[in-house]
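K.L.:
One structure, pasted below without further comment.
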Amino acid sequence: MEKLTLAVEGGVPVRKEGFPAWPIYGQLEEQLVLDVIRSGKWGGTGIVHSPEFTPKLPEMERRFADLHDATHAISVVNGTVAITVALQAAGVKPGDEVIVPPYTFIATAAAALAFGAIPVFVDIEEDTLLLDPDQVASAITSRTKAIIPVHLAGAPANMSRINEVAALHKLRVIEDAAQAVGASWEGRRVGAIGDLGTFSLQSSKNLNSGEGGIILTNNPELAEIAWSLCNVGRSRTGAWYQHDRIGQNYRMTELQAAIALAQMSRLEEQMLLRESNAKLLTALLGHIDGITVVKTDPRVTRHVNHLYMFKLDSAVTARIDKNDFIRKVNAEGIPISYGYVPLHRNEAIVNATRALTGEDRSSKCPVSERLSDKEVLWLSQNVLLADEQAMHDIAAAIRKVIESY
């Protein structure tokens with residue numbers, strides 16, 4: 001069959017139409033934000049200036065907890081702070097070690113470094129790109145206090161095995177669920193499967209309030225500590241100027257909560273559309289030689305597709321450069337992207353760790369390195385909100401480019 005001329009070589013792009021803009025909003029967002037503005041109650045202190053106004057933050061926290069089958073939700077300014085506070089609430093101290101995967105956003109490690117805890121990197125599974133629980137035990141030392149599994153792209157990590165390892169070594173489990181609002185593992189929603197779970201409501205996320213974060217737990221003691229750390233060391237039952245511990249003001253605002261509430265009304269419908277399109281795209285890519293879709297563990301009972309990830313087969317990466325492939329597919333009208341660079345090779349993380357430990361703590365994570373350097377490719381969640389024709393266009397563009405090599 002004659003090869004089509006690539007768009008980068010002057011050919012006609014496979015797709016000329018764009019993809020859905022993000023965020024999606026409407027009258028409900030406008031009305032709830034206007035309610036907050038008119039109330040005069042904009043901050044997150046809990047002080048109500050108008051008896052006619054019902055604060056949005058408690059309602060948003062309750063709905064978010066209910067969505068994840070959790071008993072306690074604490075809102076915070078962002079997902080990075082959520083991890084820092086969760087670690088501190090769990091008893092992690094400066095100098096303690098925390099196990100994290102390297103293939104994640106920098107916040108997973110930086111949140112620990114922010115108060116002097118040390119990230120220790122454990123490699124990911126080849127097929128799922130999630131923390132490999134079988135390698136965790138070998139990284140545990142007398143200073144290890146917690147494990148942070150990351151529910152990457154909206155797919156839960158192997159929480160069953162991770163909780164087993166944690167229980168055996170008496171470690172806390174903090175779920176980094178920044179990308180996984182609504183996801184579930186073996187029928188349980190993420191966030192309260194471990195000791196605590198953290199979420200991001202940053203503007204790219206499936207549930208978006210511009211910025212913001214949530215901490216979930218089923219442990220009332222941990223919930224109280226987390227709340228206090230985010231509220232300048234106060235106690236829920238204490239006086240306003242009673243500060244029982246050193247904390248910070250990490251509160252979310254009423255304006256952010258109003259947007260989150262409105263966005264929650266759209267969440268299920270959007271999740272179903274992403275699921276449908278992800279299933280179609282997987283089927284289409286499955287017929288293209290040289291392409292492999294990142295696998296989902298069968299115990300994942302809901303993947304929420306914050307990212308759609310696929311790979312160039314290792315057999316073809318010797319002749320296909322990842323950056324060149326991205327450039328050519330982008331020119332065909334499809335916004336694939338590079339993805340993460342592993343954190344154990346991030347200069348800022350390496351330098352910060354060395355400054356705290358006085359040691360050169362080089363990590364070996366060959367799976368993360370190879371997949372990041374040569375194989376893994378991303379599509380963002382808004383792409384999966386397009387129609388079915390868009391999924392066919394994505395597959396057609398990928399096929400066109402890979403067959404050109």
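How things are named: the first chain in the structure tokens is A, the next is B, and so on; residues count from 1 in each chain; ligands count from 1 in the order shown.
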Determine, for each residue of segment 73-143 of chain A having at least one atom at most 8 Å from an atom of segment 294-314 of chain A, the closest pair of atoms and their separation in Å to one decimal, counting only C-alpha atoms; order by chain and ascending number, as a tab-separated table.
P.N.:
residue	atom	partner	partner_atom	distance
A:Asp127	CA	A:Lys295	CA	5.5
A:Thr128	CA	A:Lys295	CA	5.2
A:Leu129	CA	A:Val294	CA	7.6
K.L.:
For segment 103-107 of chain A, find every residue with an atom within 9 Å (counting only C-alpha atoms), except residues of its own chain fewer than 3 positions away, and show them as a PyMOL selection string.
P.N.:
chain A and resi 79-81+83+100+110-112+123-124+129-131+150+152+340-344+346+349+368-369+372
K.L.:
Write out the residues from the selection above, keeping C-alpha atoms, as a PDB file, in the first residue's frame.
P.N.:
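Resulting contents of part-v5.pdb:
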ATOM      1  CA  GLY A  79      -2.621  18.826  45.908  1.00  0.00           C
ATOM      2  CA  THR A  80       1.053  19.324  46.780  1.00  0.00           C
ATOM      3  CA  VAL A  81       0.211  20.724  50.205  1.00  0.00           C
ATOM      4  CA  ILE A  83       0.568  15.355  50.420  1.00  0.00           C
ATOM      5  CA  VAL A 100       7.645   6.919  46.071  1.00  0.00           C
ATOM      6  CA  ALA A 110       8.764  17.639  46.645  1.00  0.00           C
ATOM      7  CA  ALA A 111       5.919  17.458  49.169  1.00  0.00           C
ATOM      8  CA  ALA A 112       8.092  15.259  51.385  1.00  0.00           C
ATOM      9  CA  ASP A 123      10.707   1.528  40.131  1.00  0.00           C
ATOM     10  CA  ILE A 124       7.412   0.997  38.328  1.00  0.00           C
ATOM     11  CA  LEU A 129       3.605   2.222  34.938  1.00  0.00           C
ATOM     12  CA  LEU A 130       2.488   2.119  38.586  1.00  0.00           C
ATOM     13  CA  LEU A 131       4.627   1.577  41.690  1.00  0.00           C
ATOM     14  CA  VAL A 150       0.539   7.113  42.895  1.00  0.00           C
ATOM     15  CA  LEU A 152      -1.180   7.472  37.799  1.00  0.00           C
ATOM     16  CA  TYR A 340       7.184  12.672  32.781  1.00  0.00           C
ATOM     17  CA  VAL A 341      10.939  12.629  33.174  1.00  0.00           C
ATOM     18  CA  PRO A 342      11.694  10.272  36.125  1.00  0.00           C
ATOM     19  CA  LEU A 343      12.160  12.136  39.388  1.00  0.00           C
ATOM     20  CA  HIS A 344      15.255  10.207  40.459  1.00  0.00           C
ATOM     21  CA  ASN A 346      15.503  15.431  38.369  1.00  0.00           C
ATOM     22  CA  ILE A 349      15.138  16.568  43.656  1.00  0.00           C
ATOM     23  CA  SER A 368      11.063   4.250  34.406  1.00  0.00           C
ATOM     24  CA  GLU A 369      14.104   5.479  32.512  1.00  0.00           C
ATOM     25  CA  SER A 372      10.170   7.693  29.718  1.00  0.00           C
TER      26      SER A 372
END
K.L.:
Using DSSP on the backbone, list every residue of segment 151-310 of chain A that comes out as alpha helix (DSSP H), and give them as a ChimeraX atom specification.
P.N.:
/A:159-169,220-230,254-285
K.L.:
Select, from A:Val181, A:Ala89, A:Ile326, A:Leu261, the residue with the minimum atom-to-atom distance to Val33 of chain A, counting only C-alpha atoms.
P.N.:
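Ranked by minimum distance to Val33 of chain A, first place goes to A:Leu261.
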K.L.:
Please return, as a ChimeraX atom specification, all residues of segment 7-244 of chain A that DSSP assigns to strand (DSSP E or B) on the basis of the backbone.
P.N.:
/A:72-76,97-100,118-121,124,131,144-147,150,172-176,184-185,188-189,196-200,213-217,231
K.L.:
What lies within 10 Å of Arg370 of chain A using only C-alpha atoms, ignoring chain neighbours under 4 positions off, as a PyMOL selection string?
P.N.:
chain A and resi 126+314+342+365-366+374-376
K.L.:
Of the residues A:Leu222, A:Leu377, A:Ala177, A:Ala117, which is the one nearest to Thr292 of chain A, using only C-alpha atoms?
P.N.:
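The closest residue to Thr292 of chain A is A:Leu377.
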K.L.:
Excluding Leu280 of chain A and its own-chain neighbours fewer than 6 positions away, which residues fall within 10 Å of it when counting only C-alpha atoms? Please give them as an MDAnalysis selection string.
P.N.:
chainID A and resid 274 286 388 391:392 395
K.L.:
Write out the residues from the selection above, keeping C-alpha atoms, as a CSV table (one decimal), in the first residue's frame.
P.N.:
chain,number,residue,atom,x,y,z
A,274,ARG,CA,-13.9,9.2,28.7
A,286,GLY,CA,-4.6,-2.6,19.2
A,388,GLU,CA,-15.9,8.8,18.3
A,391,MET,CA,-10.7,8.5,18.3
A,392,HIS,CA,-10.6,7.2,14.8
A,395,ALA,CA,-5.6,6.0,15.5
K.L.:
For each of A:Asp321, A:Thr282, A:Leu255, A:Met264, take the minimum atom-to-atom distance to Gln31 of chain A, counting only C-alpha atoms, then give the residue where this is smallest.
P.N.:
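Of all the options, A:Leu255 lies closest to Gln31 of chain A.
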K.L.:
Just checking: using only C-alpha atoms, which residue out of A:Ile24, A:Leu87, A:Val190, A:Ile214 ends up closest to His72 of chain A?
P.N.:
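The shortest atom-to-atom distance to His72 of chain A comes from A:Ile214.
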